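A short worksheet on the structure shown next.
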Amino acid sequence: MSHALQRPVVCILAVRPSGTRGTEVLLQRRTKENDDTPYNGCLELPQGKVNQNESLTQAARRELAEESGLQIRRFLVGGDAHASVAETSELAASQPFVCVTDTLQNHIGLCVIAEITGDAQATSEASGHHWYGRHELETLIAAKKLFPLNVPMLRKFLDS
């Protein structure tokens, strides 16, 4: 029996350079009011479902702003390239950093990497925004303190 996956989830690996710590990654605490998953309270990347008629980069910009108040300065990996190939289609091609499918939770996550601007603010969907360096990320992964969909994304980032 096959199950159709939900709408794709765009996961934003927001990065900033940090002199002594190298590149840092933004994580937030999941605090969605009507969260029916076992992951409420987990640390996660800013993320959310891609809406109909929305490109991956449009969704990433919207979700990051909704969940943290931050803005994307530029996409490092995963920006859209628009193509016009037929009058009946409007295509936006993107090469995400990594795509992760969770068949148990029925999600497909498309990860983009972006430099951001602004200061993170708590919202109704996320709070406790904090920047993490390599060592802290590795410790969180080992302790299983992260939203599972994000773990392969962060592992690939740390390995690259």
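Please note that chains go A, B, ... in the order of the structure tokens, that every chain numbers its residues from 1, and that ligands are numbered from 1 in the order shown.
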
If we count only C-alpha atoms, what is near Ala122 of chain A at a cut-off of 9 Å, once residues fewer than 5 positions away on the same chain are taken out, given as a ChimeraX atom specification? /A:28,67-69,127-129

Could you give me, as a PyMOL selection string, the residues within 6 Å of segment 94-104 of chain A, counting only C-alpha atoms and dropping anything in the same chain fewer than 3 positions from it? chain A and resi 77-80+107-112

Atoms kept (N, CA and C atoms) for selection, written as a short mmCIF file (atom, residue, chain, number, x, y, z; two decimals), in the first residue's frame:
```cif
data_model
loop_
_atom_site.label_atom_id
_atom_site.label_comp_id
_atom_site.auth_asym_id
_atom_site.auth_seq_id
_atom_site.Cartn_x
_atom_site.Cartn_y
_atom_site.Cartn_z
N VAL A 77 22.58 27.79 -1.17
CA VAL A 77 22.22 26.55 -1.88
C VAL A 77 20.69 26.46 -1.88
N GLY A 78 20.12 26.19 -3.05
CA GLY A 78 18.69 25.93 -3.12
C GLY A 78 17.85 27.06 -3.66
N GLY A 79 18.46 28.09 -4.21
CA GLY A 79 17.67 29.18 -4.79
C GLY A 79 16.98 28.73 -6.07
N ASP A 80 15.85 29.35 -6.38
CA ASP A 80 15.07 28.99 -7.56
C ASP A 80 15.68 29.55 -8.84
N HIS A 107 6.44 12.94 5.69
CA HIS A 107 6.99 14.24 5.32
C HIS A 107 8.10 14.08 4.28
N ILE A 108 8.24 15.09 3.45
CA ILE A 108 9.42 15.22 2.60
C ILE A 108 9.98 16.61 2.88
N GLY A 109 11.22 16.67 3.30
CA GLY A 109 11.86 17.93 3.65
C GLY A 109 12.91 18.31 2.64
N LEU A 110 12.82 19.55 2.14
CA LEU A 110 13.78 20.08 1.18
C LEU A 110 14.56 21.17 1.89
N CYS A 111 15.86 20.98 2.03
CA CYS A 111 16.69 21.89 2.80
C CYS A 111 17.41 22.87 1.89
N VAL A 112 17.32 24.15 2.25
CA VAL A 112 18.07 25.20 1.57
C VAL A 112 19.03 25.82 2.60
#
```

When DSSP is applied to the backbone of this structure, which of segment 19-131 of chain A are assigned alpha helix (DSSP H)? Write them out as number ranges by chain. A: 56-68

Could you check how far atom CA of Leu56 of chain A sits from atom CA of Ala92 of chain A, in Å to one decimal? 8.2 Å

Expected answer as a ChimeraX atom specification: strand (DSSP E) residues in chain A: /A:9-18,22-30,43-44,47-49,71-77,80-83,91-94,98-102,107-117,126-132

Contacts of segment 50-54 of chain A at 8 Å or less, counting only C-alpha atoms, minus same-chain residues fewer than 3 places along, as a ChimeraX atom specification? /A:7-10,58-59

Given the selection you just returned, output its residues as a file containing N, CA and C atoms, formatted as a PDB file, in the first residue's frame.
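What follows is the written file again.pdb:
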```pdb
ATOM      1  N   ARG A   7       2.353  17.885   1.631  1.00  0.00           N
ATOM      2  CA  ARG A   7       3.071  18.930   0.906  1.00  0.00           C
ATOM      3  C   ARG A   7       4.510  18.960   1.392  1.00  0.00           C
ATOM      4  N   PRO A   8       5.438  19.325   0.518  1.00  0.00           N
ATOM      5  CA  PRO A   8       6.840  19.407   0.951  1.00  0.00           C
ATOM      6  C   PRO A   8       7.036  20.426   2.063  1.00  0.00           C
ATOM      7  N   VAL A   9       8.004  20.157   2.910  1.00  0.00           N
ATOM      8  CA  VAL A   9       8.408  21.066   3.978  1.00  0.00           C
ATOM      9  C   VAL A   9       9.742  21.671   3.563  1.00  0.00           C
ATOM     10  N   VAL A  10       9.819  23.005   3.550  1.00  0.00           N
ATOM     11  CA  VAL A  10      11.093  23.657   3.286  1.00  0.00           C
ATOM     12  C   VAL A  10      11.765  23.877   4.639  1.00  0.00           C
ATOM     13  N   GLN A  58      10.304  31.232  -2.170  1.00  0.00           N
ATOM     14  CA  GLN A  58       9.218  32.035  -1.592  1.00  0.00           C
ATOM     15  C   GLN A  58       8.771  31.443  -0.257  1.00  0.00           C
ATOM     16  N   ALA A  59       8.636  30.125  -0.226  1.00  0.00           N
ATOM     17  CA  ALA A  59       8.227  29.446   1.010  1.00  0.00           C
ATOM     18  C   ALA A  59       9.286  29.625   2.092  1.00  0.00           C
TER      19      ALA A  59
END
```

Could you check which of A:Glu44, A:Asp35, A:Glu24, A:Glu66 is closest to Thr123 of chain A, using only C-alpha atoms?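 Between A:Glu44, A:Asp35, A:Glu24, A:Glu66, the residue approaching Thr123 of chain A most closely is A:Glu66.
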
Residue nearest Arg134 of chain A - candidates A:Gly118, A:Gly41, A:Gly22, A:Gly48, atoms counted: only C-alpha atoms: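 Closest to Arg134 of chain A of all the choices is A:Gly22.
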
Point-to-point distance in Å for atom CA of Val25 of chain A and atom CA of Trp131 of chain A: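 That distance, rounded to one decimal, is 5.4 Å.
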